[in-house]
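Trainee: Take a look at entry19.tsv, TSV, C-alpha atoms:
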```tsv
chain	number	residue	atom	x	y	z
F	1	MET	CA	22.63	7.64	-9.47
F	2	ARG	CA	23.97	9.33	-6.38
F	3	ALA	CA	24.50	7.99	-2.89
F	4	ARG	CA	22.58	9.51	-0.02
F	5	THR	CA	23.92	10.25	3.45
F	6	ALA	CA	21.72	8.71	6.12
F	7	PRO	CA	21.50	9.78	9.77
F	8	TYR	CA	24.38	8.75	12.03
F	9	GLY	CA	26.94	9.37	9.27
F	10	LEU	CA	26.30	6.28	7.16
F	11	ILE	CA	26.26	6.18	3.37
F	12	VAL	CA	23.42	4.12	1.90
F	13	SER	CA	22.75	2.95	-1.62
F	14	TYR	CA	20.96	5.25	-4.01
F	15	LEU	CA	17.34	6.01	-3.24
F	16	PRO	CA	15.35	8.51	-5.31
F	17	PRO	CA	14.69	11.72	-3.39
F	18	LEU	CA	11.16	12.46	-2.23
F	19	ARG	CA	9.71	15.91	-2.83
F	20	HIS	CA	7.47	15.77	0.25
F	21	PRO	CA	8.98	13.19	2.63
F	22	VAL	CA	7.38	14.47	5.85
F	23	ARG	CA	3.67	13.72	5.85
F	24	THR	CA	1.02	14.22	8.50
F	25	ILE	CA	-1.65	11.65	7.76
F	26	GLY	CA	-4.53	11.44	10.16
F	27	ARG	CA	-3.10	11.74	13.66
F	28	ARG	CA	0.42	10.58	12.82
F	29	THR	CA	3.42	12.20	11.15
F	30	PHE	CA	5.88	10.16	9.09
F	31	ASN	CA	9.25	11.03	7.60
F	32	PHE	CA	9.55	8.77	4.60
F	33	ASP	CA	13.17	9.79	4.09
F	34	HIS	CA	14.05	7.81	7.23
F	35	GLN	CA	11.09	5.54	7.90
F	36	VAL	CA	9.45	2.37	6.62
F	37	VAL	CA	5.78	2.16	7.54
F	38	VAL	CA	3.87	-1.11	7.71
F	39	MET	CA	0.25	-1.06	6.56
F	40	GLY	CA	-1.79	-3.86	8.10
F	41	ILE	CA	-4.71	-5.40	6.22
F	42	VAL	CA	-8.27	-6.02	7.38
F	43	ASN	CA	-10.68	-7.43	4.81
F	44	ARG	CA	-14.25	-7.42	6.06
F	45	THR	CA	-15.30	-9.88	3.39
F	46	PRO	CA	-16.29	-13.55	3.53
F	47	ASP	CA	-14.22	-14.37	0.43
F	48	SER	CA	-10.94	-12.44	0.54
F	49	PHE	CA	-8.14	-14.20	-1.31
F	50	PHE	CA	-5.96	-14.76	1.77
F	51	ASP	CA	-7.85	-14.76	5.06
F	52	GLN	CA	-11.01	-16.36	3.65
F	53	GLY	CA	-13.39	-14.52	5.96
F	54	ARG	CA	-11.47	-14.64	9.25
F	55	THR	CA	-12.06	-10.91	9.75
F	56	PHE	CA	-15.55	-10.71	8.23
F	57	GLY	CA	-17.25	-10.31	11.60
F	58	LEU	CA	-17.26	-6.78	13.03
F	59	GLU	CA	-15.58	-7.73	16.31
F	60	GLN	CA	-12.97	-9.82	14.52
F	61	ALA	CA	-12.23	-6.98	12.09
F	62	VAL	CA	-11.81	-4.41	14.85
F	63	ALA	CA	-9.65	-6.79	16.90
F	64	ALA	CA	-7.41	-7.51	13.90
F	65	ALA	CA	-6.89	-3.80	13.26
F	66	LEU	CA	-6.01	-3.07	16.87
F	67	THR	CA	-3.70	-6.09	17.01
F	68	ALA	CA	-1.82	-4.72	13.99
F	69	ALA	CA	-1.54	-1.34	15.73
F	70	GLN	CA	-0.16	-2.99	18.87
F	71	ALA	CA	2.36	-4.87	16.72
F	72	GLY	CA	3.74	-1.57	15.47
F	73	ALA	CA	1.90	-1.03	12.20
F	74	GLY	CA	1.47	2.67	11.50
F	75	TRP	CA	-1.37	2.21	9.08
F	76	ILE	CA	-4.33	-0.13	8.65
F	77	ASP	CA	-6.14	-0.70	5.35
F	78	ILE	CA	-9.80	-1.69	5.68
F	79	GLY	CA	-11.71	-3.10	2.75
F	80	GLY	CA	-15.19	-4.44	2.16
F	81	VAL	CA	-14.96	-5.60	-1.46
F	82	PRO	CA	-12.39	-8.08	-2.84
F	83	PHE	CA	-10.37	-6.84	-5.82
F	84	SER	CA	-11.01	-10.05	-7.78
F	85	PRO	CA	-13.70	-9.76	-10.46
F	86	ASP	CA	-14.72	-13.33	-9.60
F	87	ALA	CA	-15.81	-12.41	-6.06
F	88	ALA	CA	-19.48	-11.98	-5.26
F	89	GLU	CA	-20.95	-8.59	-6.16
F	90	VAL	CA	-21.17	-6.13	-3.25
F	91	GLY	CA	-23.29	-3.00	-3.62
F	92	SER	CA	-22.39	0.42	-2.32
F	93	ALA	CA	-24.77	0.27	0.64
F	94	GLU	CA	-23.45	-3.12	1.73
F	95	GLU	CA	-19.84	-1.95	1.36
F	96	ILE	CA	-20.59	1.02	3.62
F	97	GLU	CA	-22.19	-1.29	6.19
F	98	ARG	CA	-19.09	-3.48	6.18
F	99	VAL	CA	-16.44	-0.77	6.29
F	100	VAL	CA	-17.71	2.28	8.15
F	101	PRO	CA	-18.40	0.60	11.54
F	102	VAL	CA	-14.86	-0.83	11.56
F	103	VAL	CA	-13.37	2.56	10.72
F	104	ALA	CA	-15.36	4.25	13.47
F	105	ARG	CA	-14.44	1.68	16.14
F	106	VAL	CA	-10.74	1.66	15.26
F	107	ALA	CA	-10.56	5.47	15.10
F	108	GLU	CA	-12.09	5.65	18.55
F	109	ALA	CA	-9.61	3.19	20.04
F	110	SER	CA	-6.32	4.06	18.28
F	111	ASP	CA	-4.45	6.84	16.49
F	112	ILE	CA	-3.28	4.41	13.77
F	113	VAL	CA	-3.74	5.81	10.27
F	114	ILE	CA	-6.85	4.30	8.70
F	115	SER	CA	-7.26	3.89	4.98
F	116	VAL	CA	-10.31	2.57	3.19
F	117	ASP	CA	-9.74	0.30	0.21
F	118	THR	CA	-12.51	1.34	-2.17
F	119	PHE	CA	-13.19	2.52	-5.71
F	120	ARG	CA	-16.51	4.18	-4.78
F	121	PRO	CA	-16.58	7.90	-3.90
F	122	GLU	CA	-19.60	7.53	-1.62
F	123	VAL	CA	-17.87	4.81	0.42
F	124	ALA	CA	-14.73	6.92	0.66
F	125	ALA	CA	-16.69	9.97	1.85
F	126	ARG	CA	-18.59	8.03	4.51
F	127	SER	CA	-15.39	6.36	5.71
F	128	ILE	CA	-13.59	9.69	6.02
F	129	ASP	CA	-16.50	11.04	8.05
F	130	ALA	CA	-16.06	8.02	10.36
F	131	GLY	CA	-12.33	8.61	10.87
F	132	ALA	CA	-10.41	7.33	7.83
F	133	ALA	CA	-7.56	9.54	6.62
F	134	VAL	CA	-6.67	7.77	3.37
F	135	ILE	CA	-8.51	6.66	0.23
F	136	ASN	CA	-6.75	3.59	-1.18
F	137	ASP	CA	-8.05	3.29	-4.73
F	138	THR	CA	-6.72	0.08	-6.27
F	139	THR	CA	-8.42	0.79	-9.60
F	140	GLY	CA	-6.13	3.54	-10.83
F	141	LEU	CA	-8.44	6.50	-10.28
F	142	HIS	CA	-10.85	5.29	-12.95
F	143	ASP	CA	-13.46	7.41	-11.18
F	144	PRO	CA	-11.97	10.91	-10.87
F	145	GLU	CA	-14.65	11.74	-8.28
F	146	LEU	CA	-12.45	9.91	-5.77
F	147	ALA	CA	-9.92	12.70	-6.27
F	148	ASP	CA	-12.69	15.23	-5.62
F	149	VAL	CA	-13.50	13.49	-2.32
F	150	ALA	CA	-9.83	13.54	-1.32
F	151	ALA	CA	-9.46	17.19	-2.28
F	152	ALA	CA	-12.54	18.27	-0.33
F	153	SER	CA	-11.77	16.25	2.79
F	154	GLY	CA	-8.01	16.66	3.11
F	155	ALA	CA	-7.51	12.89	2.87
F	156	THR	CA	-4.41	11.28	1.42
F	157	LEU	CA	-4.99	9.46	-1.88
F	158	VAL	CA	-3.23	6.24	-2.89
F	159	ILE	CA	-3.13	5.96	-6.68
F	160	THR	CA	-2.57	2.43	-7.97
F	161	HIS	CA	-1.60	1.17	-11.41
F	162	SER	CA	-4.49	-0.95	-12.66
F	163	LEU	CA	-5.63	-1.17	-16.28
F	164	ALA	CA	-9.02	-2.85	-15.96
F	165	LEU	CA	-12.25	-1.19	-14.94
F	166	PRO	CA	-13.36	-2.08	-11.38
F	167	LYS	CA	-14.43	-5.72	-11.07
F	168	GLN	CA	-13.52	-6.44	-14.70
F	169	HIS	CA	-11.06	-9.02	-16.02
F	170	HIS	CA	-8.03	-8.00	-18.06
F	171	PRO	CA	-6.87	-11.33	-19.49
F	172	ALA	CA	-3.28	-11.90	-20.62
F	173	PRO	CA	-2.01	-8.33	-20.12
F	174	GLN	CA	0.73	-7.25	-22.52
F	175	TYR	CA	3.39	-4.56	-22.08
F	176	ASP	CA	6.27	-3.44	-24.28
F	177	ASP	CA	8.09	-2.18	-21.17
F	178	VAL	CA	6.04	-2.89	-18.07
F	179	VAL	CA	7.88	-0.52	-15.71
F	180	ALA	CA	8.04	2.38	-18.14
F	181	GLU	CA	4.32	2.01	-18.86
F	182	ILE	CA	3.43	1.82	-15.15
F	183	LYS	CA	5.51	4.94	-14.51
F	184	ALA	CA	3.81	6.86	-17.32
F	185	PHE	CA	0.36	5.75	-16.13
F	186	LEU	CA	1.05	6.85	-12.55
F	187	ALA	CA	2.49	10.19	-13.64
F	188	ALA	CA	-0.64	10.88	-15.69
F	189	ARG	CA	-2.95	9.91	-12.82
F	190	VAL	CA	-1.02	12.10	-10.40
F	191	GLN	CA	-1.59	15.02	-12.74
F	192	LEU	CA	-5.28	14.12	-12.93
F	193	ALA	CA	-5.51	14.14	-9.13
F	194	VAL	CA	-3.66	17.46	-8.91
F	195	ASP	CA	-6.01	18.91	-11.52
F	196	HIS	CA	-8.90	17.90	-9.24
F	197	GLY	CA	-7.37	19.74	-6.31
F	198	VAL	CA	-5.33	17.05	-4.52
F	199	PRO	CA	-1.88	18.47	-3.65
F	200	GLU	CA	1.16	16.30	-4.35
F	201	ASP	CA	1.94	16.11	-0.65
F	202	ARG	CA	-1.25	14.08	-0.14
F	203	ILE	CA	-0.55	11.49	-2.87
F	204	VAL	CA	1.03	8.04	-2.48
F	205	LEU	CA	1.83	5.72	-5.40
F	206	ASP	CA	1.20	1.98	-5.62
F	207	PRO	CA	2.60	0.32	-8.79
F	208	GLY	CA	0.11	-2.51	-8.34
F	209	HIS	CA	2.04	-5.74	-7.90
F	210	ASP	CA	0.06	-8.51	-9.68
F	211	LEU	CA	-2.80	-6.17	-10.64
F	212	ASN	CA	-3.34	-6.76	-14.38
F	213	LYS	CA	0.20	-8.17	-14.49
F	214	ASN	CA	1.55	-11.70	-14.71
F	215	THR	CA	4.34	-12.98	-12.47
F	216	LEU	CA	7.10	-12.06	-14.93
F	217	HIS	CA	5.74	-8.51	-15.10
F	218	THR	CA	5.62	-8.25	-11.31
F	219	LEU	CA	9.11	-9.63	-10.80
F	220	GLU	CA	10.42	-7.09	-13.34
F	221	LEU	CA	8.54	-4.33	-11.51
F	222	THR	CA	10.06	-5.39	-8.20
F	223	ARG	CA	13.60	-5.42	-9.65
F	224	ARG	CA	13.12	-1.97	-11.20
F	225	LEU	CA	10.97	-0.33	-8.54
F	226	THR	CA	13.51	2.49	-8.22
F	227	GLU	CA	12.18	3.80	-11.55
F	228	ILE	CA	8.74	4.23	-9.98
F	229	ALA	CA	10.25	5.85	-6.88
F	230	GLU	CA	11.94	8.38	-9.18
F	231	LEU	CA	8.52	10.03	-9.57
F	232	GLY	CA	9.35	11.58	-6.19
F	233	LEU	CA	6.31	10.49	-4.20
F	234	PRO	CA	6.15	7.80	-1.49
F	235	VAL	CA	5.72	4.32	-2.94
F	236	LEU	CA	3.50	1.67	-1.39
F	237	ALA	CA	4.39	-1.97	-2.09
F	238	ALA	CA	1.54	-4.45	-1.72
F	239	VAL	CA	3.32	-7.78	-2.12
F	240	SER	CA	2.00	-9.87	0.76
F	241	ASN	CA	1.11	-13.47	-0.17
F	242	LYS	CA	0.31	-12.54	-3.75
F	243	ASP	CA	0.25	-14.92	-6.70
F	244	PHE	CA	3.68	-13.83	-7.94
F	245	VAL	CA	5.13	-14.90	-4.59
F	246	GLY	CA	3.47	-18.29	-4.89
F	247	GLU	CA	4.46	-18.80	-8.52
F	248	ALA	CA	8.04	-17.66	-7.90
F	249	THR	CA	8.52	-20.09	-5.01
F	250	GLY	CA	5.97	-22.84	-5.60
F	251	LEU	CA	4.54	-22.25	-2.12
F	252	PRO	CA	0.84	-22.28	-1.17
F	253	LYS	CA	-0.70	-19.22	0.48
F	254	PRO	CA	-0.21	-20.38	4.11
F	255	ASP	CA	3.56	-20.71	3.53
F	256	ARG	CA	4.28	-17.42	1.75
F	257	MET	CA	5.19	-15.17	4.69
F	258	SER	CA	8.97	-15.56	4.38
F	259	PRO	CA	9.15	-14.89	0.64
F	260	SER	CA	6.68	-12.04	1.07
F	261	ILE	CA	9.07	-10.46	3.59
F	262	ALA	CA	11.92	-10.99	1.12
F	263	ALA	CA	9.94	-9.28	-1.67
F	264	ALA	CA	9.01	-6.42	0.67
F	265	THR	CA	12.66	-5.95	1.65
F	266	ILE	CA	13.73	-5.75	-2.00
F	267	CYS	CA	11.00	-3.17	-2.56
F	268	VAL	CA	12.29	-1.01	0.31
F	269	LEU	CA	15.85	-1.22	-0.99
F	270	ASN	CA	14.47	0.00	-4.32
F	271	GLY	CA	12.57	2.95	-2.85
F	272	ALA	CA	9.29	1.73	-1.30
F	273	ARG	CA	8.42	3.30	2.04
F	274	ILE	CA	5.04	1.72	2.85
F	275	LEU	CA	4.55	-2.05	3.01
F	276	ARG	CA	1.01	-3.48	2.85
F	277	MET	CA	1.37	-6.80	4.69
F	278	HIS	CA	-0.93	-9.41	6.23
F	279	ASP	CA	1.42	-10.37	9.09
F	280	ALA	CA	2.00	-6.98	10.72
F	281	SER	CA	4.24	-8.28	13.49
F	282	ALA	CA	6.71	-10.00	11.16
F	283	ALA	CA	6.65	-7.09	8.73
F	284	VAL	CA	7.31	-4.53	11.48
F	285	ALA	CA	10.29	-6.53	12.72
F	286	ALA	CA	11.64	-6.69	9.17
F	287	ALA	CA	11.07	-2.95	8.66
F	288	ARG	CA	12.98	-2.08	11.86
F	289	MET	CA	15.90	-4.25	10.69
F	290	ILE	CA	15.91	-2.63	7.26
F	291	GLU	CA	15.88	0.83	8.85
F	292	ALA	CA	18.83	-0.08	11.05
F	293	VAL	CA	20.88	-1.49	8.15
F	294	LEU	CA	20.17	1.58	6.00
F	295	GLY	CA	21.13	3.89	8.84
F	296	PHE	CA	17.64	5.35	9.14
F	297	ARG	CA	17.61	4.61	12.87
F	298	GLN	CA	19.94	3.57	15.65
F	299	PRO	CA	19.85	-0.02	16.91
F	300	ALA	CA	17.40	-0.68	19.73
F	301	SER	CA	20.34	-1.56	21.98
F	302	LEU	CA	24.13	-1.84	21.86
F	303	SER	CA	26.08	-4.31	23.97
F	304	HIS	CA	27.65	-6.91	21.65
F	305	ASN	CA	31.44	-6.38	21.56
F	306	MET	CA	31.03	-2.89	22.95
F	307	GLY	CA	33.49	-3.53	25.80
```
In structure tokens, how does this file's structure come out?

Mentor:
Amino acid sequence: MRARTAPYGLIVSYLPPLRHPVRTIGRRTFNFDHQVVVMGIVNRTPDSFFDQGRTFGLEQAVAAALTAAQAGAGWIDIGGVPFSPDAAEVGSAEEIERVVPVVARVAEASDIVISVDTFRPEVAARSIDAGAAVINDTTGLHDPELADVAAASGATLVITHSLALPKQHHPAPQYDDVVAEIKAFLAARVQLAVDHGVPEDRIVLDPGHDLNKNTLHTLELTRRLTEIAELGLPVLAAVSNKDFVGEATGLPKPDRMSPSIAAATICVLNGARILRMHDASAAVAAARMIEAVLGFRQPASLSHNMG
């Protein structure tokens, strides 16, 4: 492993090099060599695992997205269907009714990058027409048509490690080497997306913390995330308030912000560049501190002991 020279002459710990670090996504441009981007979360569902319906109403969902933008998030992820197979069934038409109006309103009011969290190509296409720039498929590209939608529209595609079919249980998952198997899965799905016309510079990887993994798997993934980053594409870490955080600390969901920030920080130090977090304000503050320590950016001000 080699050290990398950061801006301002500092040497930082090893981080795997990115093949396409500068990305224009929607109306914003990011340099993932020197930037940590916070992705806020808006779930327009009455039964999401964390907010329990607080952003189910249209006005509440739009307000939450714009609040995240004002807090400094560069990205907002909007979903209309919970990942959990135990959640109530939501059809395609209802998912579109939940998601598309939020996308349209947020796109009109802000230049924040908008992603739609969906496994349905028709929902992705309608959301892109309304102003979304990213398809966030948390089901591991089980439907290759999502790649076709991304290729045709110019959208960025987030490919997530997930073994189960959408809305299906995968009880007691087993791995011989969880990180090596995640890495191989993601590499194969990247090739699938490229074969469907999505260029590498429009692909982001999510190793899927907790998705078809137990807490020991997810902790191992977090420790060894550098191995996923070695694939050379930006890595998204979705760790906020998840079960592994609760099981690792013994804390209930309302008290998991601090350990979620700790997990996100470890992920950045191991190569992640996008953090999907519920508390955008706290996550943005943490990201700016991480950037300063790594030498990605200058401090906001300098007066202490400066003479």

Trainee: In Å, how far is it from atom CA of Arg44 of chain F to atom CA of Pro254 of chain F?

Mentor: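 The value is 19.2 Å.
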
Trainee: Mind pulling up the distance from atom CA of Thr139 of chain F to atom CA of Val81 of chain F?

Mentor: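 Computing the Euclidean distance for atom CA of Val81 of chain F and atom CA of Thr139 of chain F yields 12.2 Å.
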
Trainee: Could you check which of F:Ser110, F:Gln168, F:Gln298, F:Ser115 is closest to Ala150 of chain F, using all atoms listed in the file?

Mentor: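 Nearest candidate to Ala150 of chain F out of F:Ser110, F:Gln168, F:Gln298, F:Ser115: F:Ser115.
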
Trainee: Leaving out Gly72 of chain F and any residue of its chain fewer than 5 positions from it, which residues lie within 10 Å of it when counting only C-alpha atoms, given as an mmCIF file with C-alpha atoms, keeping the file's coordinate frame?

Mentor:
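Produced file part-v4.cif, reproduced below:
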```cif
data_model
loop_
_atom_site.group_PDB
_atom_site.id
_atom_site.type_symbol
_atom_site.label_atom_id
_atom_site.label_comp_id
_atom_site.auth_asym_id
_atom_site.auth_seq_id
_atom_site.Cartn_x
_atom_site.Cartn_y
_atom_site.Cartn_z
ATOM 1 C CA VAL F 37 5.780 2.160 7.540
ATOM 2 C CA VAL F 38 3.870 -1.110 7.710
ATOM 3 C CA MET F 39 0.250 -1.060 6.560
ATOM 4 C CA GLY F 40 -1.790 -3.860 8.100
ATOM 5 C CA LEU F 66 -6.010 -3.070 16.870
ATOM 6 C CA THR F 67 -3.700 -6.090 17.010
ATOM 7 C CA ILE F 112 -3.280 4.410 13.770
ATOM 8 C CA ALA F 280 2.000 -6.980 10.720
ATOM 9 C CA SER F 281 4.240 -8.280 13.490
ATOM 10 C CA ALA F 282 6.710 -10.000 11.160
ATOM 11 C CA ALA F 283 6.650 -7.090 8.730
ATOM 12 C CA VAL F 284 7.310 -4.530 11.480
ATOM 13 C CA ALA F 285 10.290 -6.530 12.720
ATOM 14 C CA ARG F 288 12.980 -2.080 11.860
#
```

Trainee: (9.3, 7.2, 1.6) in this file's frame - what residues fall within 9 Å of it? Use only C-alpha atoms and give the answer as a list in words.

Mentor: Pro17, Leu18, His20, Pro21, Val22, Phe30, Asn31, Phe32, Asp33, His34, Gln35, Val36, Val37, Ala229, Gly232, Leu233, Pro234, Val235, Leu236, Val268, Gly271, Ala272, Arg273 and Ile274 of chain F

Trainee: What's the 7 Å shell around Val103 of chain F, counting all atoms listed in the file, without same-chain residues fewer than 2 positions away, as an NGL selection string?

Mentor: :F and (99-101 or 105-107 or 127 or 130-132)

Trainee: Work out how far apart atom CA of Leu221 of chain F and atom CA of Ala262 of chain F are and give it in Å to one decimal.

Mentor: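 If I compute the distance from atom CA of Leu221 of chain F to atom CA of Ala262 of chain F, I get 14.7 Å.
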